[in-house]
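Here's the structure we're looking at; comments come further down.
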Amino acid sequence: MTVKPTTGGCLCGAVAYRIDGLLDPIIGCHCGQCRRTSGHYAASAEVSENDLTIADRENALIWYRSSEKAERGFCGHCGSNLFWRQTESGRVSVGAGSLNDTHDLQMNRHIFAQFKGDYYDIPEGAEVFPTDDTEPSI
Ligand SMILES: [Zn+2]
Ligand SMILES: [Zn+2]
């Protein structure tokens, strides 16, 4: 975990953000939705919604409602995947690839690994969260 302010943003710069609180370790999610929206699998770190300040200078941030209980935020100009949040959870997952500095961060947990693509493996020794066998719609 890191407590220093962390910044990040999309490829074109229209959407930028700052995190002032704790950033959880990075988790890899291999569910079908994350695979499609990321183009591979999603790597993201959860933060408290209160610690996240988003600067959306051009109204570029689009929230796509991907299920009844969750939505995914991306830049409508450049297409960068930035956020995932469960409505009313008070937490937001921030795409690890959008962080400006990943110096102190590590990814050693994976979820929904049973839905991963066949063309890659989960790194040996990684913590794989037990999940139910139903393909999630999150
Ligand atoms: Zn952008
Ligand atoms: Zn996922």
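By order in the structure tokens, chains are A, B, ...; within a chain, residues start at 1; ligands start at 1, following the order shown.
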Give the residues close to ligand 1, within 12 Å, counting only C-alpha atoms and all ligand atoms; write them as a short mmCIF file (atom, residue, chain, number, x, y, z; two decimals) with all heavy atoms, in the first residue's frame.
data_model
loop_
_atom_site.label_atom_id
_atom_site.label_comp_id
_atom_site.auth_asym_id
_atom_site.auth_seq_id
_atom_site.Cartn_x
_atom_site.Cartn_y
_atom_site.Cartn_z
N GLY A 8 -2.79 9.90 -12.38
CA GLY A 8 -2.90 9.09 -13.58
C GLY A 8 -3.85 9.74 -14.55
O GLY A 8 -4.36 10.85 -14.31
N GLY A 9 -4.10 9.07 -15.65
CA GLY A 9 -5.02 9.63 -16.62
C GLY A 9 -5.04 8.81 -17.90
O GLY A 9 -4.38 7.77 -18.01
N CYS A 10 -5.80 9.30 -18.86
CA CYS A 10 -5.99 8.58 -20.12
C CYS A 10 -4.89 8.94 -21.12
O CYS A 10 -4.07 9.82 -20.87
CB CYS A 10 -7.37 8.90 -20.69
SG CYS A 10 -7.52 10.60 -21.27
N LEU A 11 -4.94 8.31 -22.25
CA LEU A 11 -3.90 8.50 -23.27
C LEU A 11 -3.90 9.91 -23.84
O LEU A 11 -2.84 10.50 -24.05
CB LEU A 11 -4.12 7.47 -24.40
CG LEU A 11 -3.15 7.51 -25.57
CD1 LEU A 11 -1.72 7.23 -25.12
CD2 LEU A 11 -3.57 6.51 -26.63
N CYS A 12 -5.06 10.49 -24.11
CA CYS A 12 -5.11 11.81 -24.76
C CYS A 12 -5.01 12.95 -23.76
O CYS A 12 -4.85 14.11 -24.16
CB CYS A 12 -6.37 11.94 -25.61
SG CYS A 12 -7.89 12.21 -24.67
N GLY A 13 -5.14 12.65 -22.47
CA GLY A 13 -5.00 13.68 -21.45
C GLY A 13 -6.30 14.38 -21.05
O GLY A 13 -6.29 15.25 -20.19
N ALA A 14 -7.39 14.04 -21.68
CA ALA A 14 -8.67 14.70 -21.36
C ALA A 14 -9.14 14.36 -19.95
O ALA A 14 -9.75 15.18 -19.28
CB ALA A 14 -9.73 14.32 -22.38
N VAL A 15 -8.87 13.14 -19.52
CA VAL A 15 -9.28 12.71 -18.19
C VAL A 15 -8.03 12.44 -17.36
O VAL A 15 -7.17 11.64 -17.76
CB VAL A 15 -10.15 11.44 -18.23
CG1 VAL A 15 -10.64 11.08 -16.82
CG2 VAL A 15 -11.33 11.62 -19.17
N ALA A 16 -7.92 13.13 -16.23
CA ALA A 16 -6.81 12.91 -15.31
C ALA A 16 -7.39 12.71 -13.92
O ALA A 16 -8.52 13.09 -13.65
CB ALA A 16 -5.85 14.09 -15.33
N TYR A 17 -6.63 12.09 -13.06
CA TYR A 17 -7.13 11.88 -11.70
C TYR A 17 -6.00 11.92 -10.70
O TYR A 17 -4.81 11.82 -11.04
CB TYR A 17 -7.89 10.55 -11.59
CG TYR A 17 -7.06 9.33 -11.90
CD1 TYR A 17 -6.21 8.77 -10.95
CD2 TYR A 17 -7.10 8.74 -13.16
CE1 TYR A 17 -5.44 7.67 -11.24
CE2 TYR A 17 -6.33 7.63 -13.46
CZ TYR A 17 -5.51 7.11 -12.50
OH TYR A 17 -4.73 6.01 -12.80
N ALA A 55 -10.37 14.96 -12.86
CA ALA A 55 -10.42 16.19 -13.66
C ALA A 55 -10.82 15.78 -15.08
O ALA A 55 -10.04 15.15 -15.80
CB ALA A 55 -9.05 16.88 -13.66
N ASP A 56 -12.03 16.14 -15.43
CA ASP A 56 -12.57 15.75 -16.74
C ASP A 56 -12.81 17.04 -17.52
O ASP A 56 -13.93 17.54 -17.60
CB ASP A 56 -13.87 14.95 -16.52
CG ASP A 56 -14.49 14.49 -17.83
OD1 ASP A 56 -13.84 14.64 -18.89
OD2 ASP A 56 -15.62 13.99 -17.77
N ARG A 57 -11.75 17.55 -18.10
CA ARG A 57 -11.78 18.90 -18.68
C ARG A 57 -12.70 19.03 -19.89
O ARG A 57 -13.24 20.08 -20.17
CB ARG A 57 -10.36 19.33 -19.05
CG ARG A 57 -9.52 19.65 -17.83
CD ARG A 57 -8.14 20.10 -18.26
NE ARG A 57 -7.33 18.97 -18.72
CZ ARG A 57 -6.58 18.22 -17.91
NH1 ARG A 57 -6.54 18.47 -16.63
NH2 ARG A 57 -5.87 17.22 -18.39
N GLU A 58 -12.88 17.95 -20.61
CA GLU A 58 -13.66 18.05 -21.86
C GLU A 58 -14.91 17.20 -21.83
O GLU A 58 -15.42 16.80 -22.88
CB GLU A 58 -12.77 17.65 -23.04
CG GLU A 58 -11.53 18.52 -23.17
CD GLU A 58 -10.53 17.94 -24.16
OE1 GLU A 58 -10.94 17.30 -25.13
OE2 GLU A 58 -9.32 18.11 -23.92
N ASN A 59 -15.39 16.89 -20.64
CA ASN A 59 -16.55 15.99 -20.52
C ASN A 59 -16.34 14.70 -21.30
O ASN A 59 -17.24 14.20 -21.96
CB ASN A 59 -17.82 16.67 -21.02
CG ASN A 59 -18.51 17.44 -19.92
OD1 ASN A 59 -18.29 17.18 -18.74
ND2 ASN A 59 -19.32 18.39 -20.29
N ALA A 60 -15.12 14.20 -21.22
CA ALA A 60 -14.77 13.02 -22.01
C ALA A 60 -15.07 11.71 -21.29
O ALA A 60 -15.20 10.67 -21.93
CB ALA A 60 -13.28 13.08 -22.37
N LEU A 61 -15.18 11.77 -19.97
CA LEU A 61 -15.36 10.53 -19.21
C LEU A 61 -16.77 9.98 -19.40
O LEU A 61 -17.76 10.66 -19.15
CB LEU A 61 -15.09 10.78 -17.72
CG LEU A 61 -15.23 9.57 -16.80
CD1 LEU A 61 -14.25 8.47 -17.19
CD2 LEU A 61 -15.00 9.99 -15.35
N ILE A 62 -16.83 8.76 -19.86
CA ILE A 62 -18.11 8.09 -20.08
C ILE A 62 -18.21 6.90 -19.12
O ILE A 62 -17.25 6.13 -18.99
CB ILE A 62 -18.22 7.58 -21.54
CG1 ILE A 62 -18.24 8.77 -22.50
CG2 ILE A 62 -19.49 6.73 -21.72
CD1 ILE A 62 -18.18 8.36 -23.97
N GLY A 73 -15.73 3.19 -16.38
CA GLY A 73 -15.45 4.53 -16.87
C GLY A 73 -14.30 4.52 -17.86
O GLY A 73 -13.25 3.96 -17.59
N PHE A 74 -14.53 5.16 -19.02
CA PHE A 74 -13.46 5.23 -20.02
C PHE A 74 -13.49 6.59 -20.69
O PHE A 74 -14.49 7.33 -20.62
CB PHE A 74 -13.61 4.11 -21.05
CG PHE A 74 -14.86 4.22 -21.90
CD1 PHE A 74 -14.82 4.82 -23.15
CD2 PHE A 74 -16.07 3.74 -21.44
CE1 PHE A 74 -15.96 4.94 -23.93
CE2 PHE A 74 -17.23 3.86 -22.21
CZ PHE A 74 -17.18 4.45 -23.45
N CYS A 75 -12.40 6.95 -21.34
CA CYS A 75 -12.33 8.23 -22.04
C CYS A 75 -13.02 8.10 -23.39
O CYS A 75 -12.64 7.27 -24.21
CB CYS A 75 -10.87 8.67 -22.22
SG CYS A 75 -10.75 10.19 -23.19
N GLY A 76 -14.00 8.95 -23.63
CA GLY A 76 -14.75 8.92 -24.88
C GLY A 76 -13.95 9.43 -26.07
O GLY A 76 -14.34 9.25 -27.21
N HIS A 77 -12.81 10.07 -25.82
CA HIS A 77 -11.97 10.56 -26.92
C HIS A 77 -10.97 9.51 -27.37
O HIS A 77 -10.86 9.20 -28.54
CB HIS A 77 -11.22 11.83 -26.50
CG HIS A 77 -12.12 13.00 -26.30
ND1 HIS A 77 -11.68 14.21 -25.82
CD2 HIS A 77 -13.45 13.16 -26.50
CE1 HIS A 77 -12.69 15.06 -25.73
NE2 HIS A 77 -13.78 14.44 -26.13
N CYS A 78 -10.21 8.97 -26.42
CA CYS A 78 -9.12 8.07 -26.79
C CYS A 78 -9.41 6.61 -26.45
O CYS A 78 -8.68 5.73 -26.86
CB CYS A 78 -7.81 8.51 -26.14
SG CYS A 78 -7.77 8.32 -24.35
N GLY A 79 -10.48 6.36 -25.68
CA GLY A 79 -10.88 4.98 -25.42
C GLY A 79 -10.18 4.31 -24.25
O GLY A 79 -10.41 3.12 -24.01
N SER A 80 -9.35 5.04 -23.53
CA SER A 80 -8.64 4.42 -22.40
C SER A 80 -9.61 3.92 -21.34
O SER A 80 -10.50 4.66 -20.92
CB SER A 80 -7.69 5.42 -21.75
OG SER A 80 -6.71 5.87 -22.64
N ASN A 81 -9.41 2.70 -20.89
CA ASN A 81 -10.18 2.17 -19.76
C ASN A 81 -9.57 2.68 -18.48
O ASN A 81 -8.39 2.48 -18.23
CB ASN A 81 -10.13 0.64 -19.76
CG ASN A 81 -10.82 0.06 -20.96
OD1 ASN A 81 -12.01 0.30 -21.17
ND2 ASN A 81 -10.08 -0.66 -21.78
N LEU A 82 -10.36 3.35 -17.66
CA LEU A 82 -9.81 3.98 -16.48
C LEU A 82 -10.37 3.44 -15.17
O LEU A 82 -9.63 3.20 -14.23
CB LEU A 82 -10.08 5.50 -16.55
CG LEU A 82 -9.44 6.23 -17.72
CD1 LEU A 82 -10.02 7.64 -17.85
CD2 LEU A 82 -7.94 6.29 -17.54
N SER A 98 -3.19 3.07 -16.24
CA SER A 98 -3.41 4.52 -16.36
C SER A 98 -2.67 5.31 -15.28
O SER A 98 -2.68 6.54 -15.29
CB SER A 98 -4.91 4.84 -16.30
OG SER A 98 -5.44 4.59 -15.01
#
I need the helix (DSSP H, G or I) residues of region 15-85 of chain A per DSSP on the backbone, written as an MDAnalysis selection string.
chainID A and resid 32:38 49:51
Convert the current residue selection to file output with N, CA and C atoms, as an mmCIF file, in the first residue's frame.
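New file selection_37.cif:
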data_model
loop_
_atom_site.group_PDB
_atom_site.id
_atom_site.type_symbol
_atom_site.label_atom_id
_atom_site.label_comp_id
_atom_site.auth_asym_id
_atom_site.auth_seq_id
_atom_site.Cartn_x
_atom_site.Cartn_y
_atom_site.Cartn_z
ATOM 1 N N GLY A 32 -14.919 -12.267 -18.368
ATOM 2 C CA GLY A 32 -15.147 -11.956 -19.773
ATOM 3 C C GLY A 32 -15.294 -10.467 -20.050
ATOM 4 N N GLN A 33 -15.930 -9.746 -19.140
ATOM 5 C CA GLN A 33 -16.113 -8.310 -19.354
ATOM 6 C C GLN A 33 -14.791 -7.561 -19.297
ATOM 7 N N CYS A 34 -13.967 -7.915 -18.320
ATOM 8 C CA CYS A 34 -12.670 -7.243 -18.211
ATOM 9 C C CYS A 34 -11.769 -7.595 -19.390
ATOM 10 N N ARG A 35 -11.880 -8.829 -19.859
ATOM 11 C CA ARG A 35 -11.064 -9.212 -21.012
ATOM 12 C C ARG A 35 -11.452 -8.400 -22.243
ATOM 13 N N ARG A 36 -12.738 -8.218 -22.429
ATOM 14 C CA ARG A 36 -13.183 -7.461 -23.609
ATOM 15 C C ARG A 36 -12.841 -5.978 -23.517
ATOM 16 N N THR A 37 -13.109 -5.387 -22.358
ATOM 17 C CA THR A 37 -12.894 -3.943 -22.256
ATOM 18 C C THR A 37 -11.408 -3.585 -22.218
ATOM 19 N N SER A 38 -10.583 -4.498 -21.727
ATOM 20 C CA SER A 38 -9.154 -4.192 -21.635
ATOM 21 C C SER A 38 -8.379 -4.660 -22.858
ATOM 22 N N GLU A 49 -13.704 6.047 -2.960
ATOM 23 C CA GLU A 49 -14.243 7.073 -3.859
ATOM 24 C C GLU A 49 -13.920 8.475 -3.337
ATOM 25 N N ASN A 50 -13.879 8.627 -2.022
ATOM 26 C CA ASN A 50 -13.602 9.932 -1.422
ATOM 27 C C ASN A 50 -12.164 10.393 -1.667
ATOM 28 N N ASP A 51 -11.279 9.455 -1.925
ATOM 29 C CA ASP A 51 -9.873 9.798 -2.141
ATOM 30 C C ASP A 51 -9.547 10.055 -3.606
#
At a cut-off of 12 Å and counting only C-alpha atoms and all ligand atoms, what residues surround ligand 2? Please answer as a compact mmCIF listing (two decimals) with N, CA, C and O atoms, in the first residue's frame.
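The file below, selection37.txt, is the result:
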# COMPACT_ATOMS: atom_id res chain seq x y z
N ILE A 27 -4.99 -6.02 -8.58
CA ILE A 27 -5.63 -7.32 -8.80
C ILE A 27 -5.86 -7.52 -10.29
O ILE A 27 -6.30 -6.60 -10.98
N GLY A 28 -5.56 -8.70 -10.76
CA GLY A 28 -5.86 -9.04 -12.15
C GLY A 28 -7.21 -9.72 -12.22
O GLY A 28 -7.45 -10.69 -11.51
N CYS A 29 -8.12 -9.21 -13.06
CA CYS A 29 -9.43 -9.84 -13.22
C CYS A 29 -9.55 -10.41 -14.62
O CYS A 29 -9.34 -9.72 -15.61
N HIS A 30 -9.88 -11.70 -14.65
CA HIS A 30 -9.90 -12.43 -15.92
C HIS A 30 -11.31 -12.73 -16.41
O HIS A 30 -11.50 -13.58 -17.27
N CYS A 31 -12.30 -12.01 -15.86
CA CYS A 31 -13.68 -12.25 -16.30
C CYS A 31 -13.86 -11.77 -17.74
O CYS A 31 -13.06 -10.99 -18.27
N GLY A 32 -14.92 -12.27 -18.37
CA GLY A 32 -15.15 -11.96 -19.77
C GLY A 32 -15.29 -10.47 -20.05
O GLY A 32 -14.81 -9.96 -21.06
N GLN A 33 -15.93 -9.75 -19.14
CA GLN A 33 -16.11 -8.31 -19.35
C GLN A 33 -14.79 -7.56 -19.30
O GLN A 33 -14.52 -6.69 -20.12
N CYS A 34 -13.97 -7.91 -18.32
CA CYS A 34 -12.67 -7.24 -18.21
C CYS A 34 -11.77 -7.59 -19.39
O CYS A 34 -11.00 -6.76 -19.88
N ARG A 35 -11.88 -8.83 -19.86
CA ARG A 35 -11.06 -9.21 -21.01
C ARG A 35 -11.45 -8.40 -22.24
O ARG A 35 -10.61 -7.94 -23.00
N ARG A 36 -12.74 -8.22 -22.43
CA ARG A 36 -13.18 -7.46 -23.61
C ARG A 36 -12.84 -5.98 -23.52
O ARG A 36 -12.35 -5.38 -24.48
N THR A 37 -13.11 -5.39 -22.36
CA THR A 37 -12.89 -3.94 -22.26
C THR A 37 -11.41 -3.58 -22.22
O THR A 37 -11.02 -2.50 -22.64
N SER A 38 -10.58 -4.50 -21.73
CA SER A 38 -9.15 -4.19 -21.64
C SER A 38 -8.38 -4.66 -22.86
O SER A 38 -7.27 -4.20 -23.12
N GLY A 39 -8.93 -5.62 -23.57
CA GLY A 39 -8.20 -6.21 -24.68
C GLY A 39 -7.29 -7.36 -24.24
O GLY A 39 -6.64 -7.99 -25.08
N HIS A 40 -7.26 -7.65 -22.95
CA HIS A 40 -6.45 -8.77 -22.44
C HIS A 40 -7.10 -9.19 -21.12
O HIS A 40 -8.09 -9.88 -21.13
N TYR A 41 -6.54 -8.77 -20.00
CA TYR A 41 -7.27 -8.88 -18.74
C TYR A 41 -7.04 -7.60 -17.95
O TYR A 41 -6.08 -6.87 -18.22
N ALA A 42 -7.93 -7.33 -17.02
CA ALA A 42 -7.86 -6.05 -16.32
C ALA A 42 -6.92 -6.13 -15.13
O ALA A 42 -6.96 -7.09 -14.37
N ALA A 43 -6.08 -5.14 -14.98
CA ALA A 43 -5.25 -4.97 -13.79
C ALA A 43 -5.65 -3.66 -13.16
O ALA A 43 -5.53 -2.61 -13.78
N SER A 44 -6.15 -3.73 -11.94
CA SER A 44 -6.63 -2.49 -11.33
C SER A 44 -6.45 -2.52 -9.82
O SER A 44 -6.30 -3.59 -9.21
N SER A 66 -22.23 -1.63 -17.14
CA SER A 66 -21.94 -2.98 -17.66
C SER A 66 -22.79 -4.04 -17.00
O SER A 66 -22.86 -5.18 -17.48
N SER A 67 -23.46 -3.72 -15.91
CA SER A 67 -24.38 -4.65 -15.28
C SER A 67 -25.32 -3.84 -14.40
O SER A 67 -25.17 -2.63 -14.29
N ALA A 70 -22.87 -2.41 -11.59
CA ALA A 70 -21.53 -1.87 -11.81
C ALA A 70 -21.44 -1.07 -13.10
O ALA A 70 -22.25 -1.23 -14.01
N GLU A 71 -20.45 -0.19 -13.14
CA GLU A 71 -20.20 0.58 -14.36
C GLU A 71 -18.71 0.78 -14.57
O GLU A 71 -17.92 0.72 -13.63
N ARG A 72 -18.36 1.01 -15.82
CA ARG A 72 -16.97 1.12 -16.23
C ARG A 72 -16.75 2.48 -16.87
O ARG A 72 -17.49 2.87 -17.76
N PHE A 83 -11.69 3.27 -15.11
CA PHE A 83 -12.31 2.96 -13.82
C PHE A 83 -13.35 1.84 -13.92
O PHE A 83 -13.92 1.60 -14.98
N TRP A 84 -13.54 1.20 -12.79
CA TRP A 84 -14.65 0.26 -12.61
C TRP A 84 -15.20 0.51 -11.23
O TRP A 84 -14.43 0.67 -10.27
N ARG A 85 -16.50 0.59 -11.09
CA ARG A 85 -17.05 0.78 -9.75
C ARG A 85 -18.39 0.07 -9.62
O ARG A 85 -19.19 0.00 -10.56
N GLN A 86 -18.57 -0.44 -8.41
CA GLN A 86 -19.83 -1.05 -8.06
C GLN A 86 -20.67 0.06 -7.45
O GLN A 86 -20.20 0.75 -6.53
N SER A 93 -12.27 0.99 -8.66
CA SER A 93 -11.06 0.33 -9.13
C SER A 93 -10.46 1.17 -10.25
O SER A 93 -11.15 1.52 -11.21
N GLY A 95 -7.66 1.60 -13.22
CA GLY A 95 -6.83 0.79 -14.12
C GLY A 95 -5.36 1.04 -13.87
O GLY A 95 -4.89 2.19 -13.95
N HIS A 110 -5.14 -12.68 -8.40
CA HIS A 110 -5.93 -12.82 -9.62
C HIS A 110 -7.31 -13.35 -9.26
O HIS A 110 -7.44 -14.21 -8.39
N ILE A 111 -8.32 -12.82 -9.93
CA ILE A 111 -9.68 -13.29 -9.69
C ILE A 111 -10.31 -13.73 -11.00
O ILE A 111 -9.92 -13.29 -12.07
N PHE A 112 -11.31 -14.58 -10.87
CA PHE A 112 -12.02 -15.17 -12.01
C PHE A 112 -11.05 -15.79 -13.02
O PHE A 112 -11.23 -15.69 -14.23
N ALA A 113 -10.01 -16.43 -12.45
CA ALA A 113 -8.98 -17.02 -13.29
C ALA A 113 -9.52 -18.14 -14.17
O ALA A 113 -8.94 -18.44 -15.23
N GLN A 114 -10.63 -18.77 -13.73
CA GLN A 114 -11.17 -19.86 -14.54
C GLN A 114 -11.78 -19.38 -15.85
O GLN A 114 -12.08 -20.18 -16.72
N PHE A 115 -11.91 -18.06 -16.00
CA PHE A 115 -12.46 -17.52 -17.24
C PHE A 115 -11.39 -16.86 -18.10
O PHE A 115 -11.68 -16.16 -19.06
N LYS A 116 -10.15 -17.09 -17.76
CA LYS A 116 -9.06 -16.45 -18.49
C LYS A 116 -8.97 -16.97 -19.92
O LYS A 116 -9.50 -18.04 -20.24
N THR A 131 -13.43 -18.24 -6.57
CA THR A 131 -14.65 -17.58 -7.00
C THR A 131 -15.62 -18.65 -7.44
O THR A 131 -15.22 -19.77 -7.73
N GLU A 135 -19.95 -17.38 -14.64
CA GLU A 135 -19.29 -16.25 -15.32
C GLU A 135 -19.91 -14.97 -14.78
O GLU A 135 -21.12 -14.78 -14.86
N PRO A 136 -19.09 -14.10 -14.21
CA PRO A 136 -19.66 -12.89 -13.62
C PRO A 136 -20.13 -11.91 -14.67
O PRO A 136 -19.61 -11.85 -15.77
N SER A 137 -21.12 -11.15 -14.32
CA SER A 137 -21.56 -10.05 -15.16
C SER A 137 -21.38 -8.78 -14.34
O SER A 137 -22.29 -8.28 -13.72
N ILE A 138 -20.17 -8.30 -14.32
CA ILE A 138 -19.86 -7.14 -13.49
C ILE A 138 -19.30 -6.05 -14.36
O ILE A 138 -18.76 -5.13 -13.99
- Extract, using only C-alpha atoms, all DNA, RNA and protein residues at most 12 Å from Pro5 (chain A), discarding same-chain residues fewer than 2 positions from it, and format them as a count of residues only. 20
Review point. DSSP says strand (DSSP E or B) for which residues of region 10-130 of chain A? Put them as a ChimeraX atom specification?
Key: /A:15-19,23,26-29,42-48,52-56,61-65,70-75,81-86,91-95,99,107-111,127-128
Q.
Please report the interatomic distance between CA of Arg109 (chain A) and CA of Ala126 (chain A) in Å with one decimal.
A.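 CA of Ala126 (chain A) lies 5.8 Å from CA of Arg109 (chain A).
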query: CA of Val92 (chain A) and CA of Glu46 (chain A), how far apart in Å?
result: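 We find that CA of Glu46 (chain A) and CA of Val92 (chain A) lie 5.5 Å from each other.
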